[in-house]
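A.B. asks: Structure file entry_5.pdb, PDB, C-alpha atoms, is pasted below:
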```pdb
ATOM      1  CA  MET A 242       7.551  10.430  12.376
ATOM      2  CA  THR A 243       9.038  13.882  12.817
ATOM      3  CA  THR A 244       7.514  16.568  10.690
ATOM      4  CA  THR A 245       8.478  20.080   9.709
ATOM      5  CA  LEU A 246       6.021  22.870   9.387
ATOM      6  CA  PRO A 247       5.613  23.616   5.697
ATOM      7  CA  SER A 248       5.832  27.277   4.916
ATOM      8  CA  PRO A 249       2.630  28.893   3.622
ATOM      9  CA  THR A 250       4.671  30.056   0.642
ATOM     10  CA  LEU A 251       4.757  26.428  -0.487
ATOM     11  CA  GLN A 252       0.991  26.298  -0.381
ATOM     12  CA  LEU A 253      -0.189  29.599  -1.774
ATOM     13  CA  PRO A 254       1.033  29.120  -5.360
ATOM     14  CA  ALA A 255      -1.322  26.146  -5.610
ATOM     15  CA  ARG A 256      -4.251  28.558  -5.469
ATOM     16  CA  SER A 257      -3.276  30.066  -8.808
ATOM     17  CA  GLY A 258      -1.531  27.085 -10.305
ATOM     18  CA  GLY A 259      -4.523  24.781 -10.548
ATOM     19  CA  PHE A 260      -4.291  21.096  -9.766
ATOM     20  CA  THR A 261      -0.706  20.931 -11.074
ATOM     21  CA  GLY A 262       0.250  23.490  -8.460
ATOM     22  CA  LEU A 263      -1.445  21.400  -5.797
ATOM     23  CA  LEU A 264       0.467  18.317  -6.883
ATOM     24  CA  ARG A 265       3.719  20.263  -6.747
ATOM     25  CA  ALA A 266       2.917  21.600  -3.277
ATOM     26  CA  GLU A 267       2.025  18.146  -1.949
ATOM     27  CA  TRP A 268       5.169  16.675  -3.478
ATOM     28  CA  ILE A 269       7.291  19.314  -1.738
ATOM     29  CA  LYS A 270       5.552  18.684   1.575
ATOM     30  CA  LEU A 271       5.941  14.922   1.291
ATOM     31  CA  THR A 272       9.583  14.897   0.216
ATOM     32  CA  SER A 273      10.644  17.651   2.615
ATOM     33  CA  VAL A 274       9.975  15.294   5.540
ATOM     34  CA  ARG A 275      13.138  13.219   5.570
ATOM     35  CA  SER A 276      11.630  10.459   7.669
ATOM     36  CA  THR A 277       9.134   9.703   4.897
ATOM     37  CA  LEU A 278      11.828   9.090   2.310
ATOM     38  CA  TRP A 279      13.996   7.177   4.768
ATOM     39  CA  THR A 280      11.048   4.985   5.733
ATOM     40  CA  LEU A 281      10.297   4.150   2.105
ATOM     41  CA  ALA A 282      13.960   3.461   1.398
ATOM     42  CA  LEU A 283      14.251   1.245   4.468
ATOM     43  CA  MET A 284      11.077  -0.607   3.491
ATOM     44  CA  THR A 285      12.475  -1.272   0.017
ATOM     45  CA  VAL A 286      15.816  -2.538   1.290
ATOM     46  CA  THR A 287      14.167  -4.645   4.006
ATOM     47  CA  ALA A 288      11.702  -6.207   1.574
ATOM     48  CA  ILE A 289      14.517  -7.159  -0.804
ATOM     49  CA  VAL A 290      16.736  -8.518   1.978
ATOM     50  CA  VAL A 291      13.923 -10.582   3.508
ATOM     51  CA  SER A 292      12.948 -11.955   0.087
ATOM     52  CA  VAL A 293      16.559 -12.961  -0.524
ATOM     53  CA  LEU A 294      16.779 -14.619   2.898
ATOM     54  CA  ILE A 295      13.541 -16.546   2.393
ATOM     55  CA  SER A 296      14.626 -17.714  -1.051
ATOM     56  CA  ALA A 297      18.117 -18.629   0.182
ATOM     57  CA  ILE A 298      16.770 -20.587   3.151
ATOM     58  CA  THR A 299      14.239 -22.368   0.933
ATOM     59  CA  ALA A 300      16.983 -23.364  -1.504
ATOM     60  CA  SER A 301      19.399 -24.475   1.232
ATOM     61  CA  GLN A 302      16.773 -26.638   2.949
ATOM     62  CA  TRP A 303      15.344 -28.078  -0.246
ATOM     63  CA  ASP A 304      16.695 -31.600   0.210
ATOM     64  CA  GLY A 305      15.260 -31.875   3.704
ATOM     65  CA  ALA A 306      11.845 -30.352   2.886
ATOM     66  CA  SER A 307       8.728 -32.464   2.577
ATOM     67  CA  THR A 308       7.269 -33.284  -0.813
ATOM     68  CA  ALA A 309       4.258 -31.080  -0.078
ATOM     69  CA  ASP A 310       6.466 -28.099   0.822
ATOM     70  CA  ARG A 311       8.526 -28.532  -2.323
ATOM     71  CA  GLN A 312       5.433 -28.756  -4.479
ATOM     72  CA  GLY A 313       4.044 -25.590  -2.917
ATOM     73  CA  VAL A 314       7.159 -23.666  -3.916
ATOM     74  CA  VAL A 315       7.210 -25.177  -7.411
ATOM     75  CA  ASP A 316       3.546 -24.359  -7.954
ATOM     76  CA  ASP A 317       4.007 -20.665  -7.082
ATOM     77  CA  PRO A 318       7.637 -19.553  -6.582
ATOM     78  CA  VAL A 319       6.505 -15.917  -6.657
ATOM     79  CA  GLY A 320       4.508 -16.422  -3.475
ATOM     80  CA  THR A 321       7.637 -17.719  -1.757
ATOM     81  CA  ILE A 322       9.809 -14.870  -3.007
ATOM     82  CA  PHE A 323       7.330 -12.249  -1.852
ATOM     83  CA  GLY A 324       7.292 -13.456   1.731
ATOM     84  CA  ALA A 325       8.025  -9.907   2.945
ATOM     85  CA  LEU A 326       4.911  -8.421   1.347
ATOM     86  CA  GLY A 327       3.071  -8.257   4.669
ATOM     87  CA  LEU A 328       5.849  -6.154   6.178
ATOM     88  CA  ALA A 329       5.827  -3.753   3.240
ATOM     89  CA  GLU A 330       2.042  -3.487   3.485
ATOM     90  CA  LEU A 331       2.209  -2.563   7.166
ATOM     91  CA  VAL A 332       4.854   0.094   6.539
ATOM     92  CA  ILE A 333       2.783   1.663   3.776
ATOM     93  CA  CYS A 334      -0.349   1.605   5.937
ATOM     94  CA  VAL A 335       1.380   3.336   8.851
ATOM     95  CA  LEU A 336       3.061   5.851   6.574
ATOM     96  CA  GLY A 337      -0.205   6.559   4.758
ATOM     97  CA  VAL A 338      -1.854   7.437   8.061
ATOM     98  CA  LEU A 339       1.045   9.656   9.136
ATOM     99  CA  VAL A 340       1.062  11.579   5.852
ATOM    100  CA  ILE A 341      -2.270  13.166   6.751
ATOM    101  CA  THR A 342      -2.567  12.904  10.543
ATOM    102  CA  SER A 343       0.802  14.603  11.080
ATOM    103  CA  GLU A 344      -0.696  17.728   9.520
ATOM    104  CA  TYR A 345      -3.563  17.645  11.997
ATOM    105  CA  SER A 346      -1.268  17.061  14.968
ATOM    106  CA  THR A 347       1.044  19.942  14.020
ATOM    107  CA  GLY A 348      -1.738  22.244  12.847
ATOM    108  CA  THR A 349      -0.247  22.708   9.381
ATOM    109  CA  ILE A 350      -3.511  21.457   7.858
ATOM    110  CA  ARG A 351      -4.865  24.964   8.431
ATOM    111  CA  ALA A 352      -2.329  26.374   5.991
ATOM    112  CA  SER A 353      -3.398  23.812   3.431
ATOM    113  CA  VAL A 354      -7.116  24.567   3.627
ATOM    114  CA  LEU A 355      -6.359  28.304   3.672
ATOM    115  CA  ALA A 356      -4.555  27.912   0.357
ATOM    116  CA  VAL A 357      -7.281  25.609  -1.044
ATOM    117  CA  PRO A 358     -10.649  26.783   0.290
ATOM    118  CA  ARG A 359     -12.511  24.019  -1.581
ATOM    119  CA  ARG A 360     -10.385  21.536   0.412
ATOM    120  CA  SER A 361     -11.216  18.411  -1.580
ATOM    121  CA  PRO A 362      -8.638  19.049  -4.352
ATOM    122  CA  MET A 363      -5.962  19.266  -1.663
ATOM    123  CA  LEU A 364      -6.863  15.800  -0.377
ATOM    124  CA  VAL A 365      -7.025  14.397  -3.902
ATOM    125  CA  ALA A 366      -3.589  15.842  -4.728
ATOM    126  CA  LYS A 367      -2.149  14.366  -1.548
ATOM    127  CA  ALA A 368      -3.591  10.966  -2.456
ATOM    128  CA  VAL A 369      -2.255  11.101  -6.026
ATOM    129  CA  VAL A 370       1.251  12.079  -4.934
ATOM    130  CA  PHE A 371       1.517   9.520  -2.149
ATOM    131  CA  ALA A 372       0.010   6.698  -4.237
ATOM    132  CA  ALA A 373       2.346   7.488  -7.139
ATOM    133  CA  LEU A 374       5.386   7.487  -4.866
ATOM    134  CA  THR A 375       4.256   4.227  -3.266
ATOM    135  CA  LEU A 376       3.746   2.672  -6.702
ATOM    136  CA  VAL A 377       7.256   3.541  -7.852
ATOM    137  CA  VAL A 378       8.885   2.333  -4.632
ATOM    138  CA  GLY A 379       6.721  -0.798  -4.603
ATOM    139  CA  GLU A 380       7.661  -1.706  -8.173
ATOM    140  CA  ILE A 381      11.354  -1.229  -7.456
ATOM    141  CA  ALA A 382      11.109  -3.491  -4.403
ATOM    142  CA  ALA A 383       9.000  -6.069  -6.248
ATOM    143  CA  PHE A 384      11.172  -6.457  -9.335
ATOM    144  CA  ALA A 385      14.427  -6.387  -7.355
ATOM    145  CA  SER A 386      13.070  -9.011  -4.943
ATOM    146  CA  PHE A 387      11.829 -11.171  -7.786
ATOM    147  CA  PHE A 388      15.071 -11.244  -9.762
ATOM    148  CA  ALA A 389      17.139 -11.888  -6.636
ATOM    149  CA  GLY A 390      14.815 -14.595  -5.357
ATOM    150  CA  ALA A 391      14.355 -16.239  -8.743
ATOM    151  CA  GLY A 392      18.123 -16.540  -9.113
ATOM    152  CA  LEU A 393      18.413 -18.340  -5.785
ATOM    153  CA  LEU A 394      15.528 -20.717  -6.545
ATOM    154  CA  GLN A 395      16.515 -21.342 -10.159
ATOM    155  CA  SER A 396      17.864 -24.853  -9.627
ATOM    156  CA  HIS A 397      14.799 -26.023  -7.675
ATOM    157  CA  ALA A 398      11.804 -23.966  -8.829
ATOM    158  CA  PRO A 399      12.735 -22.049 -11.988
ATOM    159  CA  VAL A 400      10.577 -19.031 -12.714
ATOM    160  CA  SER A 401      10.764 -16.106 -15.145
ATOM    161  CA  LEU A 402       8.664 -13.107 -16.092
ATOM    162  CA  ASP A 403       7.602 -14.966 -19.244
ATOM    163  CA  ASP A 404       5.778 -17.617 -17.234
ATOM    164  CA  PRO A 405       1.960 -17.319 -17.095
ATOM    165  CA  GLY A 406       0.812 -14.875 -14.441
ATOM    166  CA  VAL A 407       4.291 -13.979 -13.206
ATOM    167  CA  LEU A 408       4.656 -10.520 -14.752
ATOM    168  CA  ARG A 409       1.160  -9.638 -13.560
ATOM    169  CA  ALA A 410       2.014 -10.812 -10.048
ATOM    170  CA  VAL A 411       5.294  -8.889  -9.846
ATOM    171  CA  ALA A 412       3.940  -5.672 -11.327
ATOM    172  CA  GLY A 413       0.757  -6.108  -9.318
ATOM    173  CA  THR A 414       2.708  -5.924  -6.067
ATOM    174  CA  GLY A 415       3.392  -2.230  -6.575
ATOM    175  CA  LEU A 416      -0.214  -1.663  -7.620
ATOM    176  CA  PHE A 417      -1.466  -3.423  -4.488
ATOM    177  CA  LEU A 418       0.742  -1.297  -2.226
ATOM    178  CA  ALA A 419      -0.461   1.861  -3.997
ATOM    179  CA  ALA A 420      -4.086   0.808  -3.476
ATOM    180  CA  MET A 421      -3.421   0.132   0.217
ATOM    181  CA  SER A 422      -1.786   3.545   0.529
ATOM    182  CA  LEU A 423      -5.137   5.070  -0.471
ATOM    183  CA  VAL A 424      -6.930   2.955   2.143
ATOM    184  CA  ALA A 425      -4.532   4.107   4.861
ATOM    185  CA  LEU A 426      -4.614   7.727   3.759
ATOM    186  CA  GLY A 427      -8.410   7.688   3.669
ATOM    187  CA  ALA A 428      -8.587   6.182   7.160
ATOM    188  CA  GLY A 429      -6.148   8.765   8.479
ATOM    189  CA  ALA A 430      -8.100  11.609   6.890
ATOM    190  CA  LEU A 431     -11.302  10.311   8.493
ATOM    191  CA  ILE A 432      -9.995   9.644  11.996
ATOM    192  CA  ARG A 433      -7.453  12.491  12.050
ATOM    193  CA  HIS A 434      -5.739  11.099  15.152
ATOM    194  CA  THR A 435      -2.444   9.293  14.543
ATOM    195  CA  ALA A 436      -2.659   6.596  17.225
ATOM    196  CA  GLY A 437      -6.329   5.875  16.570
ATOM    197  CA  ALA A 438      -5.912   5.721  12.813
ATOM    198  CA  ILE A 439      -2.850   3.459  12.964
ATOM    199  CA  ALA A 440      -4.590   1.136  15.422
ATOM    200  CA  GLY A 441      -7.657   1.043  13.197
ATOM    201  CA  VAL A 442      -5.766   0.330   9.985
ATOM    202  CA  ILE A 443      -3.476  -2.303  11.513
ATOM    203  CA  GLY A 444      -6.430  -3.945  13.247
ATOM    204  CA  PHE A 445      -8.255  -3.993   9.936
ATOM    205  CA  VAL A 446      -5.293  -5.554   8.133
ATOM    206  CA  LEU A 447      -3.990  -7.966  10.781
ATOM    207  CA  VAL A 448      -7.095  -8.885  12.752
ATOM    208  CA  LEU A 449     -10.310  -8.383  10.811
ATOM    209  CA  SER A 450      -9.099  -9.705   7.464
ATOM    210  CA  PRO A 451      -7.913 -13.109   8.777
ATOM    211  CA  LEU A 452     -10.914 -13.509  11.106
ATOM    212  CA  ALA A 453     -13.585 -12.663   8.544
ATOM    213  CA  SER A 454     -13.334 -16.054   6.886
ATOM    214  CA  SER A 455     -14.311 -17.740  10.157
ATOM    215  CA  LEU A 456     -17.823 -16.276   9.988
ATOM    216  CA  PRO A 457     -20.436 -18.996   9.462
ATOM    217  CA  GLY A 458     -21.673 -20.109   6.051
ATOM    218  CA  THR A 459     -21.042 -18.201   2.871
ATOM    219  CA  VAL A 460     -21.239 -14.910   4.774
ATOM    220  CA  GLY A 461     -17.683 -15.258   5.994
ATOM    221  CA  GLU A 462     -16.475 -16.244   2.543
ATOM    222  CA  HIS A 463     -17.987 -13.167   0.911
ATOM    223  CA  VAL A 464     -17.010 -10.719   3.666
ATOM    224  CA  SER A 465     -13.437 -12.002   3.641
ATOM    225  CA  ALA A 466     -13.187 -11.869  -0.148
ATOM    226  CA  TYR A 467     -14.228  -8.216  -0.323
ATOM    227  CA  LEU A 468     -12.008  -6.828   2.429
ATOM    228  CA  PRO A 469      -9.260  -4.639   0.926
ATOM    229  CA  THR A 470      -6.260  -6.681   2.017
ATOM    230  CA  ASN A 471      -7.655 -10.073   1.040
ATOM    231  CA  ALA A 472      -8.992  -8.782  -2.257
ATOM    232  CA  GLY A 473      -5.912  -6.786  -3.215
ATOM    233  CA  GLN A 474      -3.420  -9.533  -2.424
ATOM    234  CA  LEU A 475      -4.907 -11.757  -5.128
ATOM    235  CA  ILE A 476      -2.936  -9.769  -7.677
ATOM    236  CA  VAL A 477       0.436 -10.862  -6.227
ATOM    237  CA  PHE A 478      -0.066 -14.596  -6.749
ATOM    238  CA  ALA A 479       0.910 -15.998 -10.114
ATOM    239  CA  HIS A 480      -1.581 -18.825  -9.660
ATOM    240  CA  PRO A 481      -4.401 -17.658  -7.359
ATOM    241  CA  ASP A 482      -7.047 -20.028  -6.080
ATOM    242  CA  PRO A 483      -9.350 -20.792  -9.044
ATOM    243  CA  GLU A 484     -12.271 -21.075  -6.617
ATOM    244  CA  ALA A 485     -11.788 -17.544  -5.280
ATOM    245  CA  LEU A 486     -14.806 -15.256  -5.650
ATOM    246  CA  LEU A 487     -12.687 -12.602  -7.371
ATOM    247  CA  ASN A 488      -9.999 -12.821 -10.001
ATOM    248  CA  PRO A 489      -6.729 -10.889  -9.431
ATOM    249  CA  TRP A 490      -7.739  -7.731 -11.297
ATOM    250  CA  GLN A 491     -11.169  -7.665  -9.691
ATOM    251  CA  GLY A 492      -9.518  -8.022  -6.300
ATOM    252  CA  LEU A 493      -7.197  -5.103  -6.993
ATOM    253  CA  ALA A 494     -10.178  -3.026  -8.135
ATOM    254  CA  VAL A 495     -12.055  -3.818  -4.911
ATOM    255  CA  CYS A 496      -9.036  -2.746  -2.855
ATOM    256  CA  ALA A 497      -8.754   0.515  -4.803
ATOM    257  CA  VAL A 498     -12.499   1.182  -4.406
ATOM    258  CA  TRP A 499     -12.094   0.884  -0.637
ATOM    259  CA  GLY A 500      -9.432   3.577  -0.740
ATOM    260  CA  VAL A 501     -11.434   5.891  -2.998
ATOM    261  CA  ALA A 502     -14.554   5.437  -0.865
ATOM    262  CA  LEU A 503     -12.705   6.275   2.365
ATOM    263  CA  LEU A 504     -11.159   9.336   0.733
ATOM    264  CA  ALA A 505     -14.579  10.431  -0.567
ATOM    265  CA  VAL A 506     -16.116  10.240   2.915
ATOM    266  CA  ALA A 507     -13.084  12.016   4.372
ATOM    267  CA  SER A 508     -13.450  14.713   1.728
ATOM    268  CA  LEU A 509     -17.073  15.312   2.715
ATOM    269  CA  ARG A 510     -16.070  15.602   6.347
ATOM    270  CA  LEU A 511     -13.226  17.956   5.455
ATOM    271  CA  LYS A 512     -15.574  20.269   3.573
ATOM    272  CA  ARG A 513     -18.345  20.270   6.204
ATOM    273  CA  ARG A 514     -16.354  20.428   9.432
ATOM    274  CA  ASP A 515     -13.574  22.606  10.761
ATOM    275  CA  VAL A 516     -10.061  21.248  10.743
TER     276      VAL A 516
END
```
Hey, can you dump this file as structure tokens for me?

C.D. replies:
Amino acid sequence: MTTTLPSPTLQLPARSGGFTGLLRAEWIKLTSVRSTLWTLALMTVTAIVVSVLISAITASQWDGASTADRQGVVDDPVGTIFGALGLAELVICVLGVLVITSEYSTGTIRASVLAVPRRSPMLVAKAVVFAALTLVVGEIAAFASFFAGAGLLQSHAPVSLDDPGVLRAVAGTGLFLAAMSLVALGAGALIRHTAGAIAGVIGFVLVLSPLASSLPGTVGEHVSAYLPTNAGQLIVFAHPDPEALLNPWQGLAVCAVWGVALLAVASLRLKRRDV
């Protein structure tokens, strides 16, 4: 991601403008980097296109699919439509890391802490702005993907927002992405190095989460259930596994707690150590 050095004049008003001023400054910094907005726009378009393709392929191959495959789609059409969720999650995780580590790599973080000597409010404002932007973009992608996919699957696996659990699953997609944005931002603020933070977050999402369930006994079951990705994704299924340790809202809460905890530790480090 290419970044531009934010002028100190964008930062200094935050000192006298309270937290609202901080939010405004972080919004200007975030939206002034064109690659951030382009990445979010590309993620939205890609998620919708992939969801449409998955739904179209599922509908076109319906007659040749096995009974088990058909039943899986009928039982939870939303899960089929949201086949691109993993891609969107990865984009948000990488972008969340870059939002903070790019300031360390360019040195512009010094301007931020100069304008906000207490430091922690700056990190909180950054988290609020990025999570809010991710939520809006995630909801746009989720609802657009759902309506497009539902239209293609209508003749085989009809689904609407009025069906039990569907509205929660669709709206929950944006909430899940916002929660994961906090996890990524917190990891980036802790590690402060772009390559290391991205490797850590992606390894956590792609490697640790799937492998945790292979741990012996109930240990693996509990560890897997409380990892941020596994817990948060429960919200996006209209009919989650009834035997899961967490219900969808509990899973989303666990994911959000991970993000808040990482940001809290990063805030302590930011206050106690030089940037």

A.B. asks: Contacts of Leu468 in chain A at 9 Å or less, counting all atoms listed in the file, minus same-chain residues fewer than 5 places along, as a PyMOL selection string?

C.D. replies: chain A and resi 445-446+449-450+453+463+473+495-496+499

A.B. asks: Could you state the separation of CA of Arg275 in chain A and CA of Gly429 in chain A in Å, given to one decimal place?

C.D. replies: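 Separating CA of Arg275 in chain A from CA of Gly429 in chain A is a distance of 20.0 Å.
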
A.B. asks: A:Ala430, A:Ala329, A:Phe417, A:Ala438: which is nearest Ala494 in chain A, counting only C-alpha atoms?

C.D. replies: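 Ranked by minimum distance to Ala494 in chain A, first place goes to A:Phe417.
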
A.B. asks: Tell me which residues the PyMOL selection byres ((chain A and resi 474) around 12) grabs here, as a CSV table (one decimal) with C-alpha atoms, in the coordinates of the input.

C.D. replies:
```
chain,number,residue,atom,x,y,z
A,320,GLY,CA,4.5,-16.4,-3.5
A,323,PHE,CA,7.3,-12.2,-1.9
A,326,LEU,CA,4.9,-8.4,1.3
A,327,GLY,CA,3.1,-8.3,4.7
A,330,GLU,CA,2.0,-3.5,3.5
A,410,ALA,CA,2.0,-10.8,-10.0
A,411,VAL,CA,5.3,-8.9,-9.8
A,413,GLY,CA,0.8,-6.1,-9.3
A,414,THR,CA,2.7,-5.9,-6.1
A,415,GLY,CA,3.4,-2.2,-6.6
A,416,LEU,CA,-0.2,-1.7,-7.6
A,417,PHE,CA,-1.5,-3.4,-4.5
A,418,LEU,CA,0.7,-1.3,-2.2
A,419,ALA,CA,-0.5,1.9,-4.0
A,420,ALA,CA,-4.1,0.8,-3.5
A,421,MET,CA,-3.4,0.1,0.2
A,446,VAL,CA,-5.3,-5.6,8.1
A,450,SER,CA,-9.1,-9.7,7.5
A,465,SER,CA,-13.4,-12.0,3.6
A,466,ALA,CA,-13.2,-11.9,-0.1
A,467,TYR,CA,-14.2,-8.2,-0.3
A,468,LEU,CA,-12.0,-6.8,2.4
A,469,PRO,CA,-9.3,-4.6,0.9
A,470,THR,CA,-6.3,-6.7,2.0
A,471,ASN,CA,-7.7,-10.1,1.0
A,472,ALA,CA,-9.0,-8.8,-2.3
A,473,GLY,CA,-5.9,-6.8,-3.2
A,475,LEU,CA,-4.9,-11.8,-5.1
A,476,ILE,CA,-2.9,-9.8,-7.7
A,477,VAL,CA,0.4,-10.9,-6.2
A,478,PHE,CA,-0.1,-14.6,-6.7
A,479,ALA,CA,0.9,-16.0,-10.1
A,480,HIS,CA,-1.6,-18.8,-9.7
A,481,PRO,CA,-4.4,-17.7,-7.4
A,482,ASP,CA,-7.0,-20.0,-6.1
A,485,ALA,CA,-11.8,-17.5,-5.3
A,487,LEU,CA,-12.7,-12.6,-7.4
A,488,ASN,CA,-10.0,-12.8,-10.0
A,489,PRO,CA,-6.7,-10.9,-9.4
A,490,TRP,CA,-7.7,-7.7,-11.3
A,491,GLN,CA,-11.2,-7.7,-9.7
A,492,GLY,CA,-9.5,-8.0,-6.3
A,493,LEU,CA,-7.2,-5.1,-7.0
A,494,ALA,CA,-10.2,-3.0,-8.1
A,495,VAL,CA,-12.1,-3.8,-4.9
A,496,CYS,CA,-9.0,-2.7,-2.9
A,497,ALA,CA,-8.8,0.5,-4.8
```

A.B. asks: Select, from A:Trp268, A:Tyr345, A:Phe260, A:Trp279, the residue with the minimum atom-to-atom distance to Phe371 in chain A, counting all atoms listed in the file.

C.D. replies: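 Between A:Trp268, A:Tyr345, A:Phe260, A:Trp279, the residue approaching Phe371 in chain A most closely is A:Trp268.
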
A.B. asks: Would you mind listing what lies within 9 Å of Val293 in chain A as a PyMOL selection string, with all atoms listed in the file counted and same-chain residues fewer than 3 positions away left out?

C.D. replies: chain A and resi 288-290+296-298+322+386-387+389-390+393

A.B. asks: Calculate how many Å separate CA of Ala366 in chain A from CA of Gly348 in chain A, rounding to one decimal.

C.D. replies: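 If I compute the distance from CA of Ala366 in chain A to CA of Gly348 in chain A, I get 18.8 Å.
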
A.B. asks: If we count only C-alpha atoms and set the cut-off at 8 Å, which residues sit around range 281-287 of chain A, ignoring sequence neighbours fewer than 3 positions away in its own chain? Please answer as number ranges by chain.

C.D. replies: A: 277-278, 290-291, 329, 332, 378-379, 381-382

A.B. asks: Around the point (-6.5, 13.3, -1.5) (coordinates from the file), which residues reach within 10 Å if we count all atoms listed in the file? Answer as a count of residues only.

C.D. replies: 24

A.B. asks: Please report the interatomic distance between CA of Val424 in chain A and CA of Leu294 in chain A in Å with one decimal.

C.D. replies: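 Taking CA of Val424 in chain A as the start and CA of Leu294 in chain A as the end point, the length is 29.5 Å.
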
A.B. asks: Residues at most 12 Å from range 398-404 of chain A, counting all atoms listed in the file, excluding those fewer than 2 positions away in the same chain, as a VMD selection string?

C.D. replies: chain A and resid 296 299 to 300 303 310 to 322 384 387 to 396 406 to 412 479 to 480

A.B. asks: Given only C-alpha atoms as the basis, pick out the residue of A:Leu328, A:Lys270, A:Thr342, A:Gly305 nearest to Gly437 in chain A.

C.D. replies: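 Ranked by minimum distance to Gly437 in chain A, first place goes to A:Thr342.
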
A.B. asks: Taking into account all atoms listed in the file, which residue in the set A:Thr459, A:Val340, A:Leu503, A:Gly324 is nearest to Thr272 in chain A?

C.D. replies: A:Val340
